[in-house]
file data_16.cif (mmCIF, C-alpha atoms (C1' of nucleotides))
data_structure
loop_
_atom_site.label_atom_id
_atom_site.label_comp_id
_atom_site.auth_asym_id
_atom_site.auth_seq_id
_atom_site.Cartn_x
_atom_site.Cartn_y
_atom_site.Cartn_z
CA MET A 1495 -25.09 25.41 12.86
CA SER A 1496 -24.54 29.09 12.23
CA ILE A 1497 -22.02 31.47 13.67
CA LYS A 1498 -24.41 32.32 16.49
CA HIS A 1499 -24.03 29.04 18.35
CA ILE A 1500 -20.30 28.86 17.82
CA LEU A 1501 -20.01 32.27 19.47
CA LEU A 1502 -22.29 31.32 22.37
CA GLY A 1503 -20.43 28.03 22.77
CA VAL A 1504 -16.98 29.57 22.88
CA ILE A 1505 -18.14 32.27 25.30
CA SER A 1506 -19.52 29.48 27.51
CA TRP A 1507 -15.91 28.39 28.03
CA TYR A 1508 -14.78 31.82 29.18
CA PRO A 1509 -15.69 35.50 28.64
CA ALA A 1510 -14.04 36.44 25.37
CA SER A 1511 -13.49 39.21 22.80
CA GLY A 1512 -14.19 38.99 19.09
CA TYR A 1513 -10.50 38.70 18.39
CA GLY A 1514 -10.07 36.04 21.06
CA ILE A 1515 -12.98 33.99 19.74
CA LYS A 1516 -11.44 33.89 16.28
CA LYS A 1517 -8.15 32.68 17.75
CA GLU A 1518 -9.91 30.01 19.80
CA VAL A 1519 -11.96 28.78 16.86
CA GLU A 1520 -8.87 28.56 14.68
CA TYR A 1521 -6.96 26.60 17.31
CA LYS A 1522 -9.68 24.34 18.66
CA GLY A 1523 -11.21 24.18 15.22
CA ARG A 1524 -8.21 22.37 13.84
CA GLU A 1525 -8.79 19.21 15.83
CA GLN A 1526 -12.51 19.39 15.50
CA SER A 1527 -12.25 20.44 11.85
CA TRP A 1528 -14.61 23.40 11.97
CA GLY A 1529 -12.53 25.73 9.83
CA SER A 1530 -12.37 29.43 10.61
CA ILE A 1531 -14.67 32.44 10.91
CA SER A 1532 -13.97 35.90 9.55
CA TYR A 1533 -14.14 39.14 11.53
CA GLY A 1534 -16.75 40.24 9.05
CA SER A 1535 -19.11 37.72 10.61
CA ILE A 1536 -17.91 37.81 14.19
CA TYR A 1537 -18.23 41.49 15.07
CA PRO A 1538 -21.66 42.20 13.57
CA GLN A 1539 -22.96 38.94 15.07
CA LEU A 1540 -21.64 39.80 18.54
CA LYS A 1541 -23.37 43.17 18.26
CA LYS A 1542 -26.62 41.46 17.30
CA LEU A 1543 -26.37 38.92 20.12
CA GLU A 1544 -25.81 41.74 22.57
CA GLU A 1545 -28.85 43.64 21.27
CA GLU A 1546 -30.91 40.48 21.70
CA HIS A 1547 -29.54 40.06 25.25
CA PHE A 1548 -27.93 36.65 24.73
CA ILE A 1549 -24.63 38.17 25.79
CA TYR A 1550 -23.48 41.30 27.57
CA CYS A 1551 -20.31 43.28 27.20
CA TYR A 1552 -17.74 44.89 29.48
CA GLU A 1553 -14.40 46.63 29.00
CA ALA A 1554 -11.39 44.74 30.27
CA GLN A 1555 -7.65 45.21 30.35
CA GLU A 1556 -5.96 42.18 28.85
CA HIS A 1557 -2.17 42.53 29.27
CA GLY A 1558 -2.33 46.32 29.09
CA ARG A 1559 -4.69 46.46 26.12
CA ALA A 1560 -8.33 47.48 26.29
CA THR A 1561 -10.70 44.85 24.94
CA LYS A 1562 -14.45 44.38 24.75
CA VAL A 1563 -15.17 41.15 26.55
CA TYR A 1564 -18.48 39.33 26.17
CA ASP A 1565 -20.14 36.93 28.60
CA LEU A 1566 -23.39 34.95 28.48
CA THR A 1567 -26.58 36.17 30.11
CA LYS A 1568 -29.16 33.78 31.56
CA LYS A 1569 -30.94 33.99 28.22
CA GLY A 1570 -27.67 33.08 26.49
CA TRP A 1571 -27.11 30.00 28.64
CA ASP A 1572 -30.71 28.95 28.03
CA GLU A 1573 -30.33 29.39 24.29
CA LEU A 1574 -27.19 27.26 24.30
CA GLU A 1575 -28.87 24.56 26.36
CA SER A 1576 -31.87 24.54 24.06
CA TRP A 1577 -29.69 24.38 20.93
CA LEU A 1578 -27.86 21.36 22.34
CA SER A 1579 -31.15 19.53 22.80
CA GLU A 1580 -32.26 20.08 19.20
CA THR A 1581 -31.61 17.31 16.69
CA PRO A 1582 -28.40 18.22 14.86
CA GLN A 1583 -28.32 18.74 11.10
CA GLN A 1584 -26.87 16.02 8.90
CA PRO A 1585 -23.14 16.67 8.54
CA ILE A 1586 -22.03 18.53 5.43
CA VAL A 1587 -18.84 17.42 3.69
CA ARG A 1588 -17.28 19.09 0.69
CA ASP A 1589 -14.21 17.19 -0.37
CA GLU A 1590 -12.95 18.54 -3.65
CA LEU A 1591 -10.32 15.83 -4.04
CA ARG A 1592 -12.87 13.04 -3.91
CA MET A 1593 -15.25 15.05 -6.06
CA LYS A 1594 -12.55 15.22 -8.72
CA MET A 1595 -11.91 11.50 -8.38
CA SER A 1596 -15.59 10.87 -9.20
CA PHE A 1597 -15.02 12.25 -12.69
CA TRP A 1598 -11.48 11.00 -13.22
CA LYS A 1599 -10.87 8.06 -15.54
CA ALA A 1600 -7.37 6.68 -16.02
CA GLY A 1601 -6.28 7.14 -19.60
CA HIS A 1602 -9.32 9.21 -20.56
CA LEU A 1603 -9.97 12.10 -18.20
CA GLY A 1604 -7.40 13.57 -15.81
CA ASP A 1605 -3.69 12.82 -15.56
CA VAL A 1606 -2.96 10.10 -12.99
CA GLN A 1607 0.34 11.80 -12.13
CA HIS A 1608 -1.62 14.87 -11.06
CA LEU A 1609 -3.87 12.72 -8.90
CA ILE A 1610 -0.85 11.17 -7.22
CA ARG A 1611 0.41 14.66 -6.44
CA HIS A 1612 -2.96 15.68 -4.99
CA LEU A 1613 -2.97 12.61 -2.78
CA GLU A 1614 0.56 13.22 -1.57
CA GLN A 1615 -0.38 16.76 -0.59
CA ARG A 1616 -3.43 15.51 1.24
CA LYS A 1617 -1.32 12.91 3.01
CA GLU A 1618 1.02 15.63 4.23
CA ALA A 1619 -1.88 17.78 5.46
CA SER A 1620 -3.58 14.90 7.26
CA HIS A 1621 -0.30 13.79 8.74
CA GLN A 1622 0.32 17.24 10.15
CA MET A 1623 -3.16 17.39 11.56
CA LEU A 1624 -2.60 14.06 13.29
CA GLU A 1625 0.64 15.37 14.78
CA HIS A 1626 -1.14 18.50 15.95
CA TYR A 1627 -3.81 16.32 17.47
CA LYS A 1628 -1.30 14.15 19.33
CA GLY A 1629 0.54 17.19 20.65
CA TRP A 1630 -2.73 18.62 21.81
CA GLU A 1631 -3.77 15.42 23.53
CA ASN A 1632 -0.63 15.35 25.63
CA ASN A 1633 -0.27 19.02 26.51
CA ASP A 1634 -1.30 20.11 29.96
CA ILE A 1635 -2.66 23.57 29.20
CA SER A 1636 -5.67 22.94 26.95
CA MET A 1637 -9.09 22.47 28.46
CA ILE A 1638 -11.54 19.85 27.25
CA THR A 1639 -14.82 18.53 28.64
CA ASP A 1640 -15.59 14.84 29.13
CA ILE A 1641 -18.01 14.81 26.17
CA ALA A 1642 -15.76 16.89 23.91
CA ALA A 1643 -13.04 14.29 24.48
CA LEU A 1644 -15.36 11.66 23.00
CA SER A 1645 -15.81 13.85 19.95
CA MET A 1646 -12.06 14.34 19.62
CA GLU A 1647 -11.65 10.58 19.44
CA TYR A 1648 -13.67 10.75 16.22
CA THR A 1649 -11.16 13.15 14.69
CA ASN A 1650 -8.34 10.82 15.66
CA LEU A 1651 -9.98 7.75 14.13
CA HIS A 1652 -10.95 9.72 11.04
CA LEU A 1653 -7.43 10.95 10.39
CA LYS A 1654 -5.96 7.48 10.84
CA MET A 1655 -8.53 6.00 8.47
CA GLU A 1656 -7.82 8.72 5.94
CA LEU A 1657 -4.06 8.15 6.05
CA GLU A 1658 -4.49 4.41 5.55
CA TRP A 1659 -6.81 5.03 2.63
CA ILE A 1660 -4.33 7.45 1.06
CA GLU A 1661 -1.47 4.97 1.39
CA LYS A 1662 -3.47 2.17 -0.13
CA THR A 1663 -4.78 4.39 -2.93
CA LEU A 1664 -1.31 5.70 -3.79
CA ARG A 1665 0.02 2.14 -3.90
CA ARG A 1666 -2.74 1.04 -6.25
CA LEU A 1667 -2.22 4.03 -8.53
CA ARG A 1668 1.54 3.50 -8.69
CA GLU A 1669 1.27 -0.21 -9.32
CA GLN A 1670 -1.54 0.36 -11.79
CA ASP A 1671 -3.64 -2.01 -9.74
CA LEU A 1672 -6.93 -0.17 -10.36
CA PRO A 1673 -10.46 -1.45 -9.79
CA THR A 1674 -12.26 -2.34 -13.00
CA THR A 1675 -14.47 0.39 -14.41
CA LYS A 1676 -18.14 -0.55 -14.30
CA ASP A 1677 -19.97 0.71 -17.37
CA PRO A 1678 -22.95 -1.55 -18.03
CA ASN A 1679 -24.73 0.90 -20.34
CA HIS A 1680 -21.57 1.94 -22.17
CA LEU A 1681 -22.02 5.53 -21.03
CA LEU A 1682 -18.36 6.19 -20.44
CA GLU A 1683 -17.41 4.48 -23.66
CA LYS A 1684 -19.75 6.84 -25.52
CA ALA A 1685 -18.61 9.80 -23.44
CA TYR A 1686 -14.94 9.51 -24.36
CA LYS A 1687 -15.87 8.92 -27.97
CA ARG A 1688 -17.84 12.20 -27.80
CA LYS A 1689 -14.84 13.86 -26.22
CA ALA A 1690 -12.51 12.71 -29.00
CA GLN A 1691 -14.90 14.05 -31.63
CA GLN A 1692 -15.08 17.59 -30.27
CA ILE A 1693 -13.04 19.98 -32.37
CA MET B 20 -15.48 23.36 -5.87
CA SER B 21 -18.46 25.36 -7.07
CA ILE B 22 -21.55 24.25 -8.92
CA LYS B 23 -19.80 24.88 -12.23
CA HIS B 24 -17.50 21.88 -12.04
CA ILE B 25 -20.15 19.57 -10.67
CA LEU B 26 -22.27 20.40 -13.71
CA LEU B 27 -19.40 19.92 -16.14
CA GLY B 28 -18.47 16.67 -14.39
CA VAL B 29 -21.93 15.17 -14.50
CA ILE B 30 -22.38 16.19 -18.14
CA SER B 31 -19.06 14.46 -18.89
CA TRP B 32 -20.81 11.18 -17.94
CA TYR B 33 -23.65 11.75 -20.38
CA PRO B 34 -25.58 14.64 -21.99
CA ALA B 35 -28.08 15.75 -19.38
CA SER B 36 -30.85 18.20 -18.50
CA GLY B 37 -30.99 20.47 -15.46
CA TYR B 38 -33.58 18.23 -13.90
CA GLY B 39 -31.57 15.10 -14.69
CA ILE B 40 -28.39 16.57 -13.23
CA LYS B 41 -30.14 17.27 -9.95
CA LYS B 42 -31.39 13.67 -9.82
CA GLU B 43 -27.93 12.32 -10.58
CA VAL B 44 -26.25 14.50 -7.95
CA GLU B 45 -28.79 13.43 -5.35
CA TYR B 46 -28.32 9.76 -6.14
CA LYS B 47 -24.57 9.61 -6.74
CA GLY B 48 -24.09 12.27 -4.13
CA ARG B 49 -25.32 9.99 -1.42
CA GLU B 50 -22.36 7.64 -1.60
CA GLN B 51 -19.90 10.38 -2.25
CA SER B 52 -21.57 12.62 0.32
CA TRP B 53 -21.84 15.73 -1.77
CA GLY B 54 -25.32 16.77 -0.68
CA SER B 55 -27.71 18.33 -3.14
CA ILE B 56 -27.99 21.36 -5.44
CA SER B 57 -31.09 23.50 -5.89
CA TYR B 58 -32.70 24.39 -9.20
CA GLY B 59 -32.09 28.00 -8.28
CA SER B 60 -28.38 27.34 -8.84
CA ILE B 61 -28.56 24.78 -11.62
CA TYR B 62 -30.60 26.56 -14.27
CA PRO B 63 -28.93 29.99 -14.16
CA GLN B 64 -25.51 28.30 -14.07
CA LEU B 65 -26.32 26.12 -17.09
CA LYS B 66 -27.39 29.24 -18.95
CA LYS B 67 -24.13 30.94 -18.02
CA LEU B 68 -22.03 27.94 -19.03
CA GLU B 69 -23.80 27.86 -22.38
CA GLU B 70 -23.17 31.57 -22.95
CA GLU B 71 -19.50 30.99 -22.17
CA HIS B 72 -19.45 28.03 -24.60
CA PHE B 73 -18.43 25.38 -22.09
CA ILE B 74 -21.58 23.47 -22.98
CA TYR B 75 -24.12 23.51 -25.79
CA CYS B 76 -27.78 22.67 -25.76
CA TYR B 77 -30.21 20.71 -27.90
CA GLU B 78 -33.85 19.72 -27.59
CA ALA B 79 -34.49 16.04 -27.04
CA GLN B 80 -37.47 13.79 -26.48
CA GLU B 81 -36.96 11.77 -23.34
CA HIS B 82 -39.83 9.24 -22.99
CA GLY B 83 -42.27 11.51 -24.78
CA ARG B 84 -41.29 14.64 -22.90
CA ALA B 85 -39.35 17.55 -24.40
CA THR B 86 -36.16 18.39 -22.48
CA LYS B 87 -33.21 20.69 -22.96
CA VAL B 88 -30.16 18.47 -22.98
CA TYR B 89 -26.65 19.84 -22.50
CA ASP B 90 -23.37 18.38 -23.68
CA LEU B 91 -19.75 19.51 -23.33
CA THR B 92 -17.93 21.46 -26.01
CA LYS B 93 -14.20 21.11 -26.60
CA LYS B 94 -13.76 24.13 -24.31
CA GLY B 95 -15.85 22.34 -21.68
CA TRP B 96 -13.74 19.18 -21.78
CA ASP B 97 -10.59 21.30 -21.56
CA GLU B 98 -11.97 23.22 -18.58
CA LEU B 99 -12.79 19.95 -16.82
CA GLU B 100 -9.34 18.54 -17.54
CA SER B 101 -7.68 21.70 -16.26
CA TRP B 102 -9.80 21.76 -13.09
CA LEU B 103 -8.80 18.17 -12.31
CA SER B 104 -5.13 19.12 -12.51
CA GLU B 105 -5.48 22.01 -10.02
CA THR B 106 -4.65 21.35 -6.37
CA PRO B 107 -7.95 20.63 -4.62
CA GLN B 108 -9.17 22.76 -1.71
CA GLN B 109 -8.86 21.44 1.80
CA PRO B 110 -12.03 19.49 2.60
CA ILE B 111 -14.73 21.35 4.51
CA VAL B 112 -16.64 19.50 7.21
CA ARG B 113 -19.54 20.92 9.20
CA ASP B 114 -20.70 18.37 11.72
CA GLU B 115 -23.22 19.93 14.04
CA LEU B 116 -23.39 16.90 16.32
CA ARG B 117 -19.67 17.00 17.06
CA MET B 118 -19.80 20.79 17.32
CA LYS B 119 -22.43 20.42 20.03
CA MET B 120 -20.34 17.79 21.78
CA SER B 121 -17.47 20.31 21.99
CA PHE B 122 -19.58 22.46 24.32
CA TRP B 123 -21.39 19.68 26.16
CA LYS B 124 -20.37 18.85 29.72
CA ALA B 125 -22.06 15.99 31.59
CA GLY B 126 -23.96 17.33 34.58
CA HIS B 127 -23.36 20.97 33.66
CA LEU B 128 -24.29 21.80 30.08
CA GLY B 129 -26.60 19.68 27.92
CA ASP B 130 -28.68 16.67 28.88
CA VAL B 131 -26.80 13.40 28.29
CA GLN B 132 -30.10 11.67 27.42
CA HIS B 133 -30.50 14.13 24.53
CA LEU B 134 -27.00 13.36 23.33
CA ILE B 135 -27.76 9.64 23.38
CA ARG B 136 -30.81 10.32 21.22
CA HIS B 137 -28.76 12.40 18.77
CA LEU B 138 -26.20 9.61 18.48
CA GLU B 139 -28.89 6.96 17.93
CA GLN B 140 -30.35 9.03 15.12
CA ARG B 141 -26.94 9.45 13.57
CA LYS B 142 -26.33 5.73 13.87
CA GLU B 143 -29.54 5.03 11.99
CA ALA B 144 -28.64 7.52 9.24
CA SER B 145 -25.11 6.16 8.83
CA HIS B 146 -26.39 2.61 8.88
CA GLN B 147 -28.82 3.37 6.08
CA MET B 148 -26.13 5.06 4.08
CA LEU B 149 -23.93 1.99 4.44
CA GLU B 150 -26.79 -0.22 3.24
CA HIS B 151 -27.35 2.09 0.31
CA TYR B 152 -23.66 1.88 -0.46
CA LYS B 153 -23.62 -1.91 -0.36
CA GLY B 154 -26.69 -2.15 -2.60
CA TRP B 155 -25.04 0.24 -4.99
CA GLU B 156 -21.79 -1.70 -5.05
CA ASN B 157 -23.54 -4.91 -6.08
CA ASN B 158 -26.06 -3.58 -8.58
CA ASP B 159 -25.32 -4.05 -12.26
CA ILE B 160 -26.80 -0.86 -13.63
CA SER B 161 -24.71 1.93 -12.08
CA MET B 162 -21.63 3.18 -13.84
CA ILE B 163 -18.38 3.99 -12.05
CA THR B 164 -14.86 4.75 -13.25
CA ASP B 165 -11.75 3.00 -11.97
CA ILE B 166 -10.65 6.09 -10.02
CA ALA B 167 -14.12 6.89 -8.70
CA ALA B 168 -14.21 3.37 -7.25
CA LEU B 169 -11.11 4.23 -5.20
CA SER B 170 -12.92 7.27 -3.85
CA MET B 171 -15.99 5.21 -3.02
CA GLU B 172 -13.83 2.99 -0.87
CA TYR B 173 -13.19 6.05 1.29
CA THR B 174 -16.91 6.47 1.89
CA ASN B 175 -17.16 2.83 2.88
CA LEU B 176 -14.28 3.02 5.34
CA HIS B 177 -15.56 6.30 6.73
CA LEU B 178 -19.05 4.97 7.40
CA LYS B 179 -17.69 1.85 9.10
CA MET B 180 -15.40 3.96 11.27
CA GLU B 181 -18.25 6.26 12.15
CA LEU B 182 -20.55 3.40 13.16
CA GLU B 183 -17.86 1.88 15.38
CA TRP B 184 -17.25 5.26 17.01
CA ILE B 185 -20.98 5.74 17.61
CA GLU B 186 -21.31 2.30 19.23
CA LYS B 187 -18.35 2.89 21.47
CA THR B 188 -19.50 6.37 22.40
CA LEU B 189 -23.03 5.21 23.20
CA ARG B 190 -21.66 2.44 25.39
CA ARG B 191 -19.47 4.86 27.31
CA LEU B 192 -22.32 7.32 27.79
CA ARG B 193 -24.69 4.61 29.01
CA GLU B 194 -22.18 3.04 31.36
CA GLN B 195 -21.09 6.49 32.53
CA ASP B 196 -17.56 5.56 31.58
CA LEU B 197 -16.58 9.07 30.45
CA PRO B 198 -13.10 10.45 29.86
CA THR B 199 -11.91 12.78 32.60
CA THR B 200 -12.47 16.46 31.91
CA LYS B 201 -9.19 18.33 31.49
CA ASP B 202 -9.40 21.80 33.03
CA PRO B 203 -5.90 22.90 34.07
CA ASN B 204 -6.80 26.59 34.39
CA HIS B 205 -10.15 25.96 36.07
CA LEU B 206 -11.97 27.67 33.22
CA LEU B 207 -14.88 25.27 33.16
CA GLU B 208 -15.14 25.33 36.93
CA LYS B 209 -15.47 29.11 36.78
CA ALA B 210 -17.78 28.93 33.77
CA TYR B 211 -20.39 26.78 35.46
CA LYS B 212 -20.18 28.89 38.56
CA ARG B 213 -20.91 31.92 36.36
CA LYS B 214 -23.78 30.04 34.81
CA ALA B 215 -25.31 29.23 38.22
CA GLN B 216 -25.07 32.90 39.22
CA GLN B 217 -27.02 34.27 36.25
CA ILE B 218 -30.51 35.27 37.26
"C1'" DT C 1236 11.53 53.12 14.15
"C1'" DT C 1237 9.29 49.88 12.16
"C1'" DG C 1238 7.05 45.68 11.39
"C1'" DG C 1239 4.08 42.46 13.40
"C1'" DA C 1240 0.67 40.88 16.53
"C1'" DC C 1241 -3.31 42.82 18.95
"C1'" DA C 1242 -7.95 44.75 18.34
"C1'" DT C 1243 -12.45 46.47 16.20
"C1'" DG C 1244 -15.20 47.47 12.79
"C1'" DT C 1245 -17.85 48.39 7.91
"C1'" DA C 1246 -19.33 48.03 2.96
"C1'" DA C 1247 -19.39 45.59 -1.11
"C1'" DC C 1248 -19.78 41.39 -3.05
"C1'" DG C 1249 -20.69 36.40 -3.95
"C1'" DG C 1250 -22.55 32.04 -4.11
"C1'" DG C 1251 -25.78 29.72 -2.74
"C1'" DT C 1252 -30.96 28.52 -0.99
"C1'" DT C 1253 -36.03 29.36 -0.50
"C1'" DA C 1254 -40.07 30.44 -2.25
"C1'" DC C 1255 -42.66 31.29 -5.96
"C1'" DA C 1256 -44.63 30.67 -10.77
"C1'" DT C 1257 -45.83 27.69 -14.53
"C1'" DG C 1258 -47.05 23.89 -17.22
"C1'" DA C 1259 -46.94 18.96 -19.34
"C1'" DT C 1260 -47.53 13.99 -18.75
"C1'" DT C 1261 -48.63 9.78 -16.48
"C1'" DG C 1262 -50.57 6.37 -13.57
"C1'" DA C 1263 -53.88 5.19 -9.82
"C1'" DT D 92 -59.77 13.49 -12.39
"C1'" DC D 93 -56.35 14.26 -9.43
"C1'" DA D 94 -52.00 13.69 -7.29
"C1'" DA D 95 -47.33 12.82 -8.29
"C1'" DT D 96 -43.52 13.28 -11.05
"C1'" DC D 97 -41.24 15.48 -14.81
"C1'" DA D 98 -39.43 19.90 -16.25
"C1'" DT D 99 -37.83 24.89 -16.39
"C1'" DG D 100 -37.24 29.05 -14.67
"C1'" DT D 101 -36.95 33.79 -11.69
"C1'" DA D 102 -36.65 37.04 -7.72
"C1'" DA D 103 -35.91 37.82 -3.09
"C1'" DC D 104 -33.16 36.73 0.46
"C1'" DC D 105 -29.44 34.92 3.67
"C1'" DC D 106 -25.25 34.07 5.41
"C1'" DG D 107 -21.12 34.33 4.88
"C1'" DT D 108 -16.30 36.15 2.96
"C1'" DT D 109 -13.11 39.73 1.02
"C1'" DA D 110 -11.33 43.93 1.11
"C1'" DC D 111 -10.88 47.98 3.21
"C1'" DA D 112 -10.22 51.38 7.14
"C1'" DT D 113 -8.25 52.47 11.55
"C1'" DG D 114 -5.62 52.47 15.53
"C1'" DT D 115 -2.57 50.47 19.64
"C1'" DC D 116 1.22 48.22 21.85
"C1'" DC D 117 5.48 45.73 21.96
"C1'" DA D 118 9.81 43.83 20.70
"C1'" DA D 119 13.77 43.63 17.53
#
call {"tool": "encode", "arguments": {"input": "data_16.cif", "output": "structure tokens"}}
result
Amino acid sequence: MSIKHILLGVISWYPASGYGIKKEVEYKGREQSWGSISYGSIYPQLKKLEEEHFIYCYEAQEHGRATKVYDLTKKGWDELESWLSETPQQPIVRDELRMKMSFWKAGHLGDVQHLIRHLEQRKEASHQMLEHYKGWENNDISMITDIAALSMEYTNLHLKMELEWIEKTLRRLREQDLPTTKDPNHLLEKAYKRKAQQI
Amino acid sequence: MSIKHILLGVISWYPASGYGIKKEVEYKGREQSWGSISYGSIYPQLKKLEEEHFIYCYEAQEHGRATKVYDLTKKGWDELESWLSETPQQPIVRDELRMKMSFWKAGHLGDVQHLIRHLEQRKEASHQMLEHYKGWENNDISMITDIAALSMEYTNLHLKMELEWIEKTLRRLREQDLPTTKDPNHLLEKAYKRKAQQI
DNA sequence: TTGGACATGTAACGGGTTACATGATTGA
DNA sequence: TCAATCATGTAACCCGTTACATGTCCAA
């Protein structure tokens, strides 16, 4: 992935400044769930890309304010094209909520009331993202390519799936309708005995 | 998130060595999609956690081989408990395939045949993960808590959703049944004109 | 006139990986 | 006997963020 290709990609949409790229990534990034990038990465990276002739720079007046605007060179377009053709990395997911759930054990480790709170917060966040997505879909100012629209559909399906899972999970937690713990080698049994013995 | 709590969490299942923790994370991590951890993080972190008295260490003979096995102290269990109660971070997703799709534009940027190949590879990977998941669900050796089983259900739903999306997307790409590009400000139009003009 | 968005940048730090180094045990 | 797996560790490096520094323009 790397910052480099995000920068080249965004600049492929329109000539942009460091500041503008950050704004675009934050906005577009919400639907596509790519998080944000800090200025501490953007500006040095733009400088480097310019030195390597992937992009070039010119001064522009954007509503009265001077900005450094970057555009792709031939080499930049080629690099982007070549990156697209490379096999993408396996996706990386870090979901702290589900990580915590891996260790949680009702009645032994973690308070179920806390988990319910975590899930409610996640529900709210996902709900808002879905609203944002819907608003985006129907506005008539945002640009999106044919292929990018296919990718956006993923986000939509994902959010819906997530909300259904949250609802179902909350229901099961509240009604104490939990799956049965599988512990064929009595590891957990031993573990919580160990826990109780610690001073 | 951080390595720290993964280590404490895994050790909460059973006393383990650095090597064993890596194995467990790689295996369990597949269903829960937490990727892997390198020895370069595990060993120094275990040392640090021992110095801070979250874990303690003893020598053990595991099938004839001497290993350093770590277990949680009272302080370690408390730290784990307290971490579980904290509001989890927003999940982080880096999906290079969908990132690439954001910039792709049929006939202008990126070769659709390459995209089809990327999607087929992803389909294969997701399919295998789903098989792995099913095998895991039905085996009678793996341990899982009640709450962790709820989290696993997420993985299952996610993989199924992903496979359906891939199928649908492949079909649309092959039948050239693409969504219409939205470009109200003619940005893309200009962009690809710029591209054509670069020497 | 002042706070907030616009705009660009650097230096220190952090949390991880990669690559390297080492050695024991086991099964083909 | 030799490759693979088990097992532990360190040092260099990379890629990013955080915090800091600086200045402009506009609207309330």
call {"tool": "resolve_selection", "arguments": {"input": "data_16.cif", "expression": "the PyMOL selection byres ((chain A) within 8 of (chain C))", "output": "ChimeraX atom specification"}}
result
/A:1513,1537,1561
call {"tool": "closest_atom_pairs", "arguments": {"input": "data_16.cif", "of": "chain B", "to": "chain D", "cutoff": "10 Å", "atoms": "all atoms listed in the file", "output": "JSON lines"}}
result
{"residue": "B:Ser36", "atom": "CA", "partner": "D:DA98", "partner_atom": "C1'", "distance": 9.0}
{"residue": "B:Gly37", "atom": "CA", "partner": "D:DT99", "partner_atom": "C1'", "distance": 8.2}
{"residue": "B:Tyr38", "atom": "CA", "partner": "D:DA98", "partner_atom": "C1'", "distance": 6.5}
{"residue": "B:Gly39", "atom": "CA", "partner": "D:DA98", "partner_atom": "C1'", "distance": 9.3}
{"residue": "B:Tyr58", "atom": "CA", "partner": "D:DG100", "partner_atom": "C1'", "distance": 8.5}
{"residue": "B:Gly59", "atom": "CA", "partner": "D:DG100", "partner_atom": "C1'", "distance": 8.3}
{"residue": "B:Tyr62", "atom": "CA", "partner": "D:DG100", "partner_atom": "C1'", "distance": 7.1}
{"residue": "B:Pro63", "atom": "CA", "partner": "D:DG100", "partner_atom": "C1'", "distance": 8.4}
{"residue": "B:Arg84", "atom": "CA", "partner": "D:DC97", "partner_atom": "C1'", "distance": 8.1}
{"residue": "B:Ala85", "atom": "CA", "partner": "D:DA98", "partner_atom": "C1'", "distance": 8.5}
{"residue": "B:Thr86", "atom": "CA", "partner": "D:DA98", "partner_atom": "C1'", "distance": 7.2}
{"residue": "B:Lys87", "atom": "CA", "partner": "D:DT99", "partner_atom": "C1'", "distance": 9.1}
call {"tool": "write_last_selection", "arguments": {"input": "data_16.cif", "atoms": "C-alpha atoms", "output": "PDB file, keeping the file's coordinate frame"}}
result
ATOM      1  CA  SER B  36     -30.850  18.200 -18.500  1.00  0.00           C
ATOM      2  CA  GLY B  37     -30.990  20.470 -15.460  1.00  0.00           C
ATOM      3  CA  TYR B  38     -33.580  18.230 -13.900  1.00  0.00           C
ATOM      4  CA  GLY B  39     -31.570  15.100 -14.690  1.00  0.00           C
ATOM      5  CA  TYR B  58     -32.700  24.390  -9.200  1.00  0.00           C
ATOM      6  CA  GLY B  59     -32.090  28.000  -8.280  1.00  0.00           C
ATOM      7  CA  TYR B  62     -30.600  26.560 -14.270  1.00  0.00           C
ATOM      8  CA  PRO B  63     -28.930  29.990 -14.160  1.00  0.00           C
ATOM      9  CA  ARG B  84     -41.290  14.640 -22.900  1.00  0.00           C
ATOM     10  CA  ALA B  85     -39.350  17.550 -24.400  1.00  0.00           C
ATOM     11  CA  THR B  86     -36.160  18.390 -22.480  1.00  0.00           C
ATOM     12  CA  LYS B  87     -33.210  20.690 -22.960  1.00  0.00           C
TER      13      LYS B  87
END
call {"tool": "resolve_selection", "arguments": {"input": "data_16.cif", "expression": "the PyMOL selection byres ((chain A and resi 1683) around 12)", "output": "mmCIF file with C-alpha atoms, keeping the file's coordinate frame"}}
result
data_model
loop_
_atom_site.group_PDB
_atom_site.id
_atom_site.type_symbol
_atom_site.label_atom_id
_atom_site.label_comp_id
_atom_site.auth_asym_id
_atom_site.auth_seq_id
_atom_site.Cartn_x
_atom_site.Cartn_y
_atom_site.Cartn_z
ATOM 1 C CA LYS A 1599 -10.870 8.060 -15.540
ATOM 2 C CA HIS A 1602 -9.320 9.210 -20.560
ATOM 3 C CA LEU A 1603 -9.970 12.100 -18.200
ATOM 4 C CA THR A 1675 -14.470 0.390 -14.410
ATOM 5 C CA LYS A 1676 -18.140 -0.550 -14.300
ATOM 6 C CA ASP A 1677 -19.970 0.710 -17.370
ATOM 7 C CA PRO A 1678 -22.950 -1.550 -18.030
ATOM 8 C CA ASN A 1679 -24.730 0.900 -20.340
ATOM 9 C CA HIS A 1680 -21.570 1.940 -22.170
ATOM 10 C CA LEU A 1681 -22.020 5.530 -21.030
ATOM 11 C CA LEU A 1682 -18.360 6.190 -20.440
ATOM 12 C CA LYS A 1684 -19.750 6.840 -25.520
ATOM 13 C CA ALA A 1685 -18.610 9.800 -23.440
ATOM 14 C CA TYR A 1686 -14.940 9.510 -24.360
ATOM 15 C CA LYS A 1687 -15.870 8.920 -27.970
ATOM 16 C CA ARG A 1688 -17.840 12.200 -27.800
ATOM 17 C CA LYS A 1689 -14.840 13.860 -26.220
ATOM 18 C CA ALA A 1690 -12.510 12.710 -29.000
ATOM 19 C CA SER B 31 -19.060 14.460 -18.890
ATOM 20 C CA TRP B 32 -20.810 11.180 -17.940
ATOM 21 C CA TYR B 33 -23.650 11.750 -20.380
ATOM 22 C CA MET B 162 -21.630 3.180 -13.840
ATOM 23 C CA ILE B 163 -18.380 3.990 -12.050
ATOM 24 C CA THR B 164 -14.860 4.750 -13.250
#
